[in-house]
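The structure file query-v5.txt is reproduced below (compact mmCIF, C-alpha atoms and all ligand atoms).
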# COMPACT_ATOMS: atom_id res chain seq x y z
CA MET A 1 -43.30 -25.46 -24.67
CA HIS A 2 -40.46 -24.44 -22.44
CA GLY A 3 -38.12 -23.76 -25.35
CA ARG A 4 -40.71 -21.64 -27.06
CA SER A 5 -41.29 -19.28 -24.15
CA PHE A 6 -37.53 -18.98 -23.64
CA ARG A 7 -37.05 -17.86 -27.23
CA GLY A 8 -39.88 -15.42 -26.76
CA ILE A 9 -38.32 -13.77 -23.74
CA PHE A 10 -34.64 -13.89 -24.67
CA PRO A 11 -34.43 -11.24 -27.42
CA GLY A 12 -36.41 -8.81 -25.32
CA ALA A 13 -34.21 -9.36 -22.29
CA LEU A 14 -31.09 -8.95 -24.41
CA LEU A 15 -32.39 -5.73 -25.92
CA LEU A 16 -33.24 -4.37 -22.49
CA LEU A 17 -29.76 -5.20 -21.26
CA LEU A 18 -28.17 -3.47 -24.26
CA LEU A 19 -30.32 -0.39 -23.79
CA THR A 20 -29.57 -0.06 -20.10
CA MET A 21 -25.86 -0.83 -20.42
CA PRO A 22 -24.68 2.79 -20.86
CA LEU A 23 -26.78 3.77 -17.86
CA LEU A 24 -25.32 0.98 -15.74
CA LEU A 25 -21.79 1.91 -16.78
CA SER A 26 -22.26 5.60 -16.08
CA CYS A 27 -23.54 4.79 -12.59
CA ARG A 28 -20.58 2.65 -11.70
CA GLN A 29 -18.58 3.44 -8.62
CA GLU A 30 -15.89 6.01 -9.31
CA SER A 31 -12.41 4.55 -9.05
CA ILE A 32 -9.09 6.33 -9.58
CA PRO A 33 -6.11 3.96 -9.18
CA LEU A 34 -3.80 6.42 -7.40
CA ILE A 35 -6.55 7.48 -4.99
CA GLU A 36 -7.48 3.84 -4.35
CA GLU A 37 -3.84 3.04 -3.66
CA LYS A 38 -2.98 6.01 -1.44
CA CYS A 39 -6.30 6.91 0.13
CA GLY A 40 -8.20 3.63 0.15
CA THR A 41 -6.27 1.68 2.77
CA CYS A 42 -7.38 3.15 6.10
CA HIS A 43 -10.86 4.00 4.88
CA SER A 44 -12.77 3.50 1.67
CA ALA A 45 -11.53 5.73 -1.15
CA SER A 46 -15.15 6.72 -1.69
CA ILE A 47 -14.77 9.08 1.27
CA VAL A 48 -12.52 11.07 -1.09
CA TYR A 49 -14.90 10.88 -4.06
CA GLU A 50 -17.75 12.15 -1.92
CA THR A 51 -15.83 15.08 -0.45
CA ARG A 52 -15.54 18.55 -1.97
CA ARG A 53 -13.00 20.97 -0.47
CA SER A 54 -11.25 24.18 -1.40
CA GLU A 55 -7.54 23.96 -2.17
CA ALA A 56 -6.71 25.04 1.38
CA GLY A 57 -9.17 22.47 2.70
CA TRP A 58 -7.55 19.62 0.76
CA ARG A 59 -4.07 20.69 1.90
CA GLN A 60 -5.33 20.59 5.45
CA ILE A 61 -6.85 17.13 4.94
CA MET A 62 -3.62 15.85 3.34
CA HIS A 63 -1.72 17.12 6.36
CA GLY A 64 -4.22 15.42 8.65
CA MET A 65 -3.86 12.11 6.79
CA LYS A 66 -0.07 12.29 7.10
CA VAL A 67 -0.43 12.83 10.83
CA ARG A 68 -2.64 9.72 10.91
CA GLY A 69 0.02 7.69 9.09
CA LEU A 70 -0.32 8.30 5.34
CA VAL A 71 2.98 7.55 3.60
CA ILE A 72 3.28 9.39 0.28
CA SER A 73 6.14 10.73 -1.84
CA GLU A 74 6.31 14.38 -2.97
CA GLU A 75 5.62 13.29 -6.53
CA GLU A 76 2.60 11.16 -5.61
CA GLU A 77 1.28 13.93 -3.39
CA GLN A 78 1.47 16.35 -6.32
CA ARG A 79 -0.44 13.90 -8.52
CA VAL A 80 -3.08 13.40 -5.83
CA PHE A 81 -3.51 17.17 -5.53
CA ASP A 82 -3.83 17.44 -9.30
CA ILE A 83 -6.76 15.00 -9.13
CA LEU A 84 -8.35 16.55 -6.04
CA LEU A 85 -8.11 20.11 -7.33
CA THR A 86 -9.50 19.14 -10.72
CA ASP A 87 -12.41 16.86 -9.91
CA PHE A 88 -13.14 17.28 -6.21
CA VAL A 89 -12.70 20.98 -5.63
CA LEU A 90 -15.30 23.06 -3.86
CA GLU A 91 -16.13 26.07 -6.02
CA GLN A 92 -16.55 29.23 -3.99
C1 LIG B 101 -2.99 6.10 7.56
C2 LIG B 101 -4.42 6.03 7.37
C3 LIG B 101 -5.05 6.98 6.37
C4 LIG B 101 -4.72 7.15 5.04
C5 LIG B 101 -3.63 6.43 4.24
C6 LIG B 101 -5.63 8.15 4.52
N1 LIG B 101 -6.51 8.54 5.49
FE1 LIG B 101 -8.08 9.80 5.27
N2 LIG B 101 -8.69 9.44 7.16
C7 LIG B 101 -8.01 8.63 8.07
C8 LIG B 101 -8.77 8.56 9.31
C9 LIG B 101 -8.37 7.77 10.55
C10 LIG B 101 -9.93 9.33 9.11
C11 LIG B 101 -11.10 9.42 10.11
C12 LIG B 101 -11.66 10.73 10.36
C13 LIG B 101 -10.75 11.63 11.11
O1 LIG B 101 -9.98 11.15 11.95
O2 LIG B 101 -10.83 12.85 10.85
C14 LIG B 101 -9.84 9.87 7.75
C15 LIG B 101 -10.78 10.70 7.16
C16 LIG B 101 -10.67 11.28 5.90
C17 LIG B 101 -11.60 12.23 5.33
C18 LIG B 101 -12.86 12.76 5.99
C19 LIG B 101 -12.49 13.69 7.09
C20 LIG B 101 -12.98 15.07 6.90
O3 LIG B 101 -12.53 15.94 7.69
O4 LIG B 101 -13.79 15.33 6.00
C21 LIG B 101 -11.14 12.57 4.10
C22 LIG B 101 -11.75 13.54 3.12
C23 LIG B 101 -9.92 11.82 3.90
N3 LIG B 101 -9.67 11.04 4.99
C24 LIG B 101 -9.15 11.91 2.77
C25 LIG B 101 -8.00 11.16 2.54
C26 LIG B 101 -7.20 11.28 1.35
C27 LIG B 101 -7.43 12.26 0.20
C28 LIG B 101 -6.20 10.36 1.46
C29 LIG B 101 -5.09 10.06 0.46
C30 LIG B 101 -4.24 11.16 0.09
C31 LIG B 101 -6.38 9.66 2.75
N4 LIG B 101 -7.49 10.20 3.35
C32 LIG B 101 -5.58 8.64 3.23
C33 LIG B 101 -6.85 7.95 7.84
C34 LIG B 101 -6.19 7.85 6.63

Write-out of the structure in structure tokens:
Amino acid sequence: MHGRSFRGIFPGALLLLLLTMPLLLSCRQESIPLIEEKCGTCHSASIVYETRRSEAGWRQIMHGMKVRGLVISEEEEQRVFDILLTDFVLEQ
């Protein structure tokens, strides 16, 4: 009795899971290792992913973060800007 209803439900549940998998994966929280490492310590890195700024705006924010205590090398800063100005830029 129990085994029978389990076998009845299982393939359907599995199929549903397979069908929704791409959707679940595409909705996953964005996560960029360098941003997590450099910008995810004082606050959640998601603050970065949710922000859109012009180039000047991001340079201003970077300056502000340094004033607040961000430690970052020239090379890392360049890589962070590459990411910000590619994926998180405010088009005007
Ligand atoms: C030393 C701590 C620290 C680090 C590291 C840091 N932040 Fe911040 N950040 C802050 C604080 C504190 C705030 C709170 C809001 C404020 O003071 O303006 C903030 C706020 C922000 C905001 C929202 C403020 C606004 O004006 O929209 C953004 C965007 C931001 N940070 C981006 C970054 C990015 C990008 C990095 C990595 C390059 C980073 N943060 C790393 C301390 C930090």

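Here the question is which of A:Thr41, A:Val67, A:Ile72, A:Ile35 gets nearest to Leu84 (chain A) using all atoms listed in the file, and that residue is A:Ile35.
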
* Two-atom distance - CA of Met21 (chain A), CA of Phe88 (chain A) (Å) -> 26.3 Å

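Between ligand LIG 101 (chain B) and the candidates A:Arg52, A:Arg68, A:Arg59, A:Arg79, the tightest atom-to-atom separation, counting all atoms listed in the file, involves A:Arg68.
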
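Each of A:Pro33, A:Lys66, A:Phe10, A:Leu19 was compared to ligand LIG 101 (chain B) using only C-alpha atoms and all ligand atoms, and A:Lys66 turns out to be the nearest.
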
* Could you list, as number ranges by chain, all the residues within 12 Å of ligand LIG 101 (chain B), counting only C-alpha atoms and all ligand atoms? -> A: 32-55, 57-74, 76-85, 88-89

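Here CA of Pro22 (chain A) stands at a distance of 28.9 Å from CA of Glu91 (chain A).
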
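Coordinates place CA of Thr20 (chain A) at a distance of 20.6 Å from CA of Arg7 (chain A).
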